[in-house]
Amino acid sequence: MAIKSSFLVVALIALSVSATPAAQIREPNVSLPFVRRLNVSGSTLADKDRARAAHIISTSRARSGTNKKRASSFDVTNAATTYVASIGVGSPATTYSLLIDTGSSNTWVGAGKAFVETSTSKETDNLMEVTYGSGFFLGIEFTDTVTLTEDLVITGQDIGVAEFSEGFEGVDGIIGIGPVDLTAGTVSDGSTVPTVTDNLLSQGTISTEVIGVSFAPTQSDSITNGELTFGGTDPSKFTGSISFFPITTTSPSSEFWGIDQSITYGSANTTVLSSTAGVVDTGTTLVLIATNAFNTYTSLTGATLDDSVGLLSISSADYANLESLFFNVGDSTFELTKNAQTWPRALNTAIGGAASDIFLIVGDIGTDSGEGLDFINGFTFLERFYSVFDTTNNRVGFATTEHTADTSN
């Protein structure tokens, strides 16, 4: 059964099929499978990631009343790489396929499978509306029982039930595990909405509001490649100790899992991006950096933009000379090796490239430095480092893993 000392461990499974395997109970941990889906139909990885970044900036400005008009040619489509869990709602529970998102905080259903009311479903008087870089939903707020596993059940969870939604084909909604303040303004009474992790804490299932995330590099879309832990960290998934960093005070990054960081390149320690604010986000695929920094990186590497794929392409000769990128956070430095900067070649054809091409995972965020969100450390960064999202102490942590220095890709 769930007790305070137990962690919820969620296995992230990289699969190309839509079916989610049944949850497995491994004492003393509780495991819940996730399905990884690669979706690049209609636009490129970089376009999808930039749309998400633009939405983060514009949403923050709208909340603060400082929104400025900005041109954007980026498609509003589903996220390029998504992680999906089968979550039960109601009693008896109806199972929904929900995207896992650290960049948003509302949980809602009804994009695909219709919501089924049960005796635990309580409609409030509120409307709920959330917009994303990947679409939007508008619906009614309910409280209901949410079942992650048979041993991990949340009662009275605030959820949205979509009346209208766009951009979420193939899934039923989202389970948001970002900071609770991101729910401000999403319900009609103006209140914030306790997140799933808030309620896990308040109902005594976990003793600290911490999420540990472990990914591993993969050349396949059909293998288990990670683990998500609610309530603590899994020491078997990282090496050494975790370095923690306070959430930045710079808006809009401060409203998300934002940190201050600089980026340098190679043995000469050439500055690519001066110290600035950005976010750590499992919902973004690439490492995005400000346009001026991206131009510097492009020049240093000798890469050129492949317009059909949307990623930087590099010749074999220039790749042989490619040096590491260094992410400098606080007093710590995290090295993204040559291999780690490379898109998995076995997945080239999945994004429209040739099998022999060499693509880089650093992309252009779409704006110059100074926006208050000048980088996003996305999935391709996080698969090389263990990451911790610590609401209790308002901080983000990183640690090296056995995959940090992998040499095959």
# chains A, B, ... in the order shown; residues from 1 in each chain; ligands from 1
call {"tool": "select_by_dssp", "arguments": {"residues": "segment 177-329 of chain A", "states": "helix (DSSP H, G or I)", "output": "PyMOL selection string"}}
result
chain A and resi 180-183+196-202+235-237+253-255+291-301+316-320
call {"tool": "residues_around", "arguments": {"residues": "segment 340-348 of chain A", "least_positions_apart": "2", "cutoff": "8 Å", "atoms": "only C-alpha atoms", "output": "list in words"}}
result
Thr218, Gln219, Ser220, Leu336, Thr337, Lys338, Ala350, Ile351, Gly352, Gly353, Ala354, Ala355, Ser356, Asp357, Ile358, Phe359, Leu360, Ile361, Val362, Thr380, Phe381, Arg384, Thr404, Ala405, Asp406 and Asn409 of chain A
call {"tool": "closest_residue", "arguments": {"among": "A:Thr392, A:Ser97, A:Ser315, A:Thr367", "to": "Ala54 of chain A", "atoms": "only C-alpha atoms"}}
result
A:Thr367
call {"tool": "closest_atom_pairs", "arguments": {"of": "segment 253-346 of chain A", "to": "segment 171-188 of chain A", "cutoff": "10 Å", "atoms": "only C-alpha atoms", "output": "Markdown table"}}
result
| residue | atom | partner | partner_atom | distance |
| --- | --- | --- | --- | --- |
| A:Glu255 | CA | A:Leu182 | CA | 7.0 |
| A:Phe256 | CA | A:Pro179 | CA | 6.3 |
| A:Trp257 | CA | A:Gly178 | CA | 7.5 |
| A:Asp281 | CA | A:Gly178 | CA | 9.3 |
call {"tool": "select_by_dssp", "arguments": {"residues": "segment 136-298 of chain A", "states": "strand (DSSP E)", "output": "PyMOL selection string"}}
result
chain A and resi 136-149+152-166+173-176+210-215+223-230+239-246+258-265+270-280+287-289
call {"tool": "residues_around", "arguments": {"residues": "segment 136-145 of chain A", "least_positions_apart": "2", "cutoff": "6 Å", "atoms": "only C-alpha atoms", "output": "count of residues only"}}
result
27
call {"tool": "closest_residue", "arguments": {"among": "A:Lys237, A:Thr291, A:Ser275, A:Asp260", "to": "Gly366 of chain A", "atoms": "only C-alpha atoms"}}
result
A:Thr291
call {"tool": "atom_distance", "arguments": {"atom1": "atom CA of Thr102 of chain A", "atom2": "atom CA of Glu383 of chain A"}}
result
15.0 Å
call {"tool": "residues_around", "arguments": {"residues": "Asn328 of chain A", "least_positions_apart": "3", "cutoff": "7 Å", "atoms": "only C-alpha atoms", "output": "mmCIF file with all heavy atoms, in the first residue's frame"}}
result
data_model
loop_
_atom_site.group_PDB
_atom_site.id
_atom_site.type_symbol
_atom_site.label_atom_id
_atom_site.label_comp_id
_atom_site.auth_asym_id
_atom_site.auth_seq_id
_atom_site.Cartn_x
_atom_site.Cartn_y
_atom_site.Cartn_z
ATOM 1 N N GLN A 261 21.901 29.920 -16.402
ATOM 2 C CA GLN A 261 22.935 29.068 -16.980
ATOM 3 C C GLN A 261 23.674 29.812 -18.084
ATOM 4 O O GLN A 261 23.117 30.686 -18.743
ATOM 5 C CB GLN A 261 22.251 27.812 -17.518
ATOM 6 C CG GLN A 261 22.786 27.152 -18.710
ATOM 7 C CD GLN A 261 21.954 25.962 -19.160
ATOM 8 O OE1 GLN A 261 21.744 25.006 -18.426
ATOM 9 N NE2 GLN A 261 21.475 26.020 -20.400
ATOM 10 N N SER A 262 24.929 29.468 -18.272
ATOM 11 C CA SER A 262 25.679 29.906 -19.446
ATOM 12 C C SER A 262 26.137 28.671 -20.200
ATOM 13 O O SER A 262 26.151 27.561 -19.653
ATOM 14 C CB SER A 262 26.881 30.777 -19.061
ATOM 15 O OG SER A 262 27.844 30.005 -18.344
ATOM 16 N N ILE A 263 26.503 28.850 -21.473
ATOM 17 C CA ILE A 263 26.954 27.732 -22.295
ATOM 18 C C ILE A 263 28.252 28.132 -22.984
ATOM 19 O O ILE A 263 28.341 29.216 -23.581
ATOM 20 C CB ILE A 263 25.905 27.340 -23.357
ATOM 21 C CG1 ILE A 263 24.573 26.960 -22.691
ATOM 22 C CG2 ILE A 263 26.408 26.174 -24.210
ATOM 23 C CD1 ILE A 263 23.456 26.672 -23.679
ATOM 24 N N SER A 332 28.599 24.447 -10.929
ATOM 25 C CA SER A 332 28.719 23.145 -11.591
ATOM 26 C C SER A 332 28.734 23.294 -13.107
ATOM 27 O O SER A 332 28.166 24.243 -13.658
ATOM 28 C CB SER A 332 27.555 22.236 -11.189
ATOM 29 O OG SER A 332 27.524 22.025 -9.799
ATOM 30 N N THR A 333 29.378 22.332 -13.766
ATOM 31 C CA THR A 333 29.430 22.293 -15.225
ATOM 32 C C THR A 333 29.007 20.908 -15.692
ATOM 33 O O THR A 333 29.471 19.896 -15.169
ATOM 34 C CB THR A 333 30.845 22.609 -15.730
ATOM 35 O OG1 THR A 333 31.187 23.945 -15.348
ATOM 36 C CG2 THR A 333 30.913 22.503 -17.254
ATOM 37 N N PHE A 334 28.134 20.894 -16.689
ATOM 38 C CA PHE A 334 27.623 19.650 -17.241
ATOM 39 C C PHE A 334 28.004 19.589 -18.716
ATOM 40 O O PHE A 334 27.658 20.477 -19.492
ATOM 41 C CB PHE A 334 26.107 19.571 -17.052
ATOM 42 C CG PHE A 334 25.707 19.652 -15.610
ATOM 43 C CD1 PHE A 334 25.402 20.881 -15.029
ATOM 44 C CD2 PHE A 334 25.692 18.518 -14.816
ATOM 45 C CE1 PHE A 334 25.061 20.975 -13.692
ATOM 46 C CE2 PHE A 334 25.360 18.596 -13.468
ATOM 47 C CZ PHE A 334 25.045 19.821 -12.907
#
call {"tool": "residues_around", "arguments": {"residues": "Leu201 of chain A", "least_positions_apart": "5", "cutoff": "10 Å", "atoms": "only C-alpha atoms", "output": "list of chain:residue names"}}
result
A:Lys4, A:Thr195, A:Val196, A:Ile206, A:Ser207, A:Thr208, A:Glu209, A:Val210, A:Phe230, A:Gly231, A:Thr392
call {"tool": "closest_residue", "arguments": {"among": "A:Gly232, A:Gly204, A:Pro252, A:Gly378", "to": "Leu288 of chain A", "atoms": "only C-alpha atoms"}}
result
A:Gly378
call {"tool": "closest_residue", "arguments": {"among": "A:Val388, A:Ile365, A:Leu311, A:Val396", "to": "Ser214 of chain A", "atoms": "only C-alpha atoms"}}
result
A:Val388
call {"tool": "closest_residue", "arguments": {"among": "A:Ser236, A:Thr44, A:Thr147, A:Asn292", "to": "Thr95 of chain A", "atoms": "only C-alpha atoms"}}
result
A:Thr147
call {"tool": "closest_residue", "arguments": {"among": "A:Ile376, A:Ala46, A:Ala290, A:Ala53", "to": "Gly278 of chain A", "atoms": "only C-alpha atoms"}}
result
A:Ile376
call {"tool": "atom_distance", "arguments": {"atom1": "atom CA of Thr391 of chain A", "atom2": "atom CA of Gly212 of chain A"}}
result
11.4 Å
call {"tool": "atom_distance", "arguments": {"atom1": "atom CA of Pro217 of chain A", "atom2": "atom CA of Ser387 of chain A"}}
result
14.4 Å
call {"tool": "decode", "arguments": {"residues": "segment 327-404 of chain A", "atoms": "C-alpha atoms", "output": "compact mmCIF listing (two decimals), in the first residue's frame"}}
result
# COMPACT_ATOMS: atom_id res chain seq x y z
CA PHE A 327 26.37 23.97 -19.49
CA ASN A 328 27.50 26.08 -16.54
CA VAL A 329 24.94 26.26 -13.72
CA GLY A 330 25.95 27.75 -10.39
CA ASP A 331 29.34 26.29 -9.54
CA SER A 332 28.72 23.14 -11.59
CA THR A 333 29.43 22.29 -15.23
CA PHE A 334 27.62 19.65 -17.24
CA GLU A 335 29.30 18.41 -20.41
CA LEU A 336 27.24 17.56 -23.47
CA THR A 337 29.70 15.50 -25.47
CA LYS A 338 30.02 15.28 -29.23
CA ASN A 339 27.92 12.16 -29.17
CA ALA A 340 25.30 13.76 -26.97
CA GLN A 341 24.93 16.65 -29.43
CA THR A 342 23.98 14.20 -32.19
CA TRP A 343 20.46 13.15 -33.12
CA PRO A 344 20.30 9.30 -33.05
CA ARG A 345 21.19 8.28 -36.59
CA ALA A 346 18.95 5.21 -36.43
CA LEU A 347 16.02 7.65 -36.13
CA ASN A 348 17.08 9.92 -39.02
CA THR A 349 14.47 8.57 -41.38
CA ALA A 350 11.76 9.05 -38.75
CA ILE A 351 12.29 12.83 -38.99
CA GLY A 352 12.66 12.93 -42.77
CA GLY A 353 16.44 12.69 -43.05
CA ALA A 354 18.71 10.24 -44.81
CA ALA A 355 20.21 7.40 -42.79
CA SER A 356 23.72 8.65 -43.55
CA ASP A 357 23.13 12.23 -42.41
CA ILE A 358 24.53 13.65 -39.17
CA PHE A 359 22.12 16.01 -37.40
CA LEU A 360 22.70 18.04 -34.24
CA ILE A 361 20.16 18.47 -31.46
CA VAL A 362 20.87 22.16 -30.75
CA GLY A 363 18.17 24.39 -32.21
CA ASP A 364 17.20 28.05 -32.51
CA ILE A 365 14.65 29.20 -29.93
CA GLY A 366 13.49 31.91 -32.32
CA THR A 367 14.47 35.09 -30.44
CA ASP A 368 17.70 36.79 -29.42
CA SER A 369 18.91 36.85 -25.81
CA GLY A 370 17.01 39.12 -23.45
CA GLU A 371 13.54 37.58 -23.55
CA GLY A 372 13.81 36.13 -20.05
CA LEU A 373 13.73 32.67 -21.58
CA ASP A 374 16.88 32.25 -23.65
CA PHE A 375 17.27 28.47 -23.58
CA ILE A 376 15.33 25.27 -23.04
CA ASN A 377 17.17 22.17 -21.86
CA GLY A 378 14.90 19.61 -23.46
CA PHE A 379 14.72 15.83 -23.60
CA THR A 380 17.96 15.42 -25.53
CA PHE A 381 19.78 17.11 -22.64
CA LEU A 382 17.87 15.28 -19.93
CA GLU A 383 18.61 11.84 -21.35
CA ARG A 384 22.27 12.47 -20.44
CA PHE A 385 21.66 13.77 -16.91
CA TYR A 386 19.40 12.76 -14.07
CA SER A 387 17.07 15.66 -13.25
CA VAL A 388 15.13 16.56 -10.13
CA PHE A 389 12.17 18.96 -9.93
CA ASP A 390 11.87 19.95 -6.28
CA THR A 391 8.78 21.99 -5.45
CA THR A 392 9.32 21.75 -1.70
CA ASN A 393 12.67 23.56 -1.91
CA ASN A 394 12.00 25.57 -5.10
CA ARG A 395 14.95 24.18 -7.01
CA VAL A 396 16.12 21.99 -9.90
CA GLY A 397 18.86 19.39 -9.65
CA PHE A 398 21.15 17.56 -12.09
CA ALA A 399 23.48 14.61 -11.72
CA THR A 400 25.59 12.60 -14.12
CA THR A 401 24.52 9.09 -15.11
CA GLU A 402 26.12 6.06 -16.69
CA HIS A 403 24.89 7.46 -20.02
CA THR A 404 26.40 10.96 -19.71
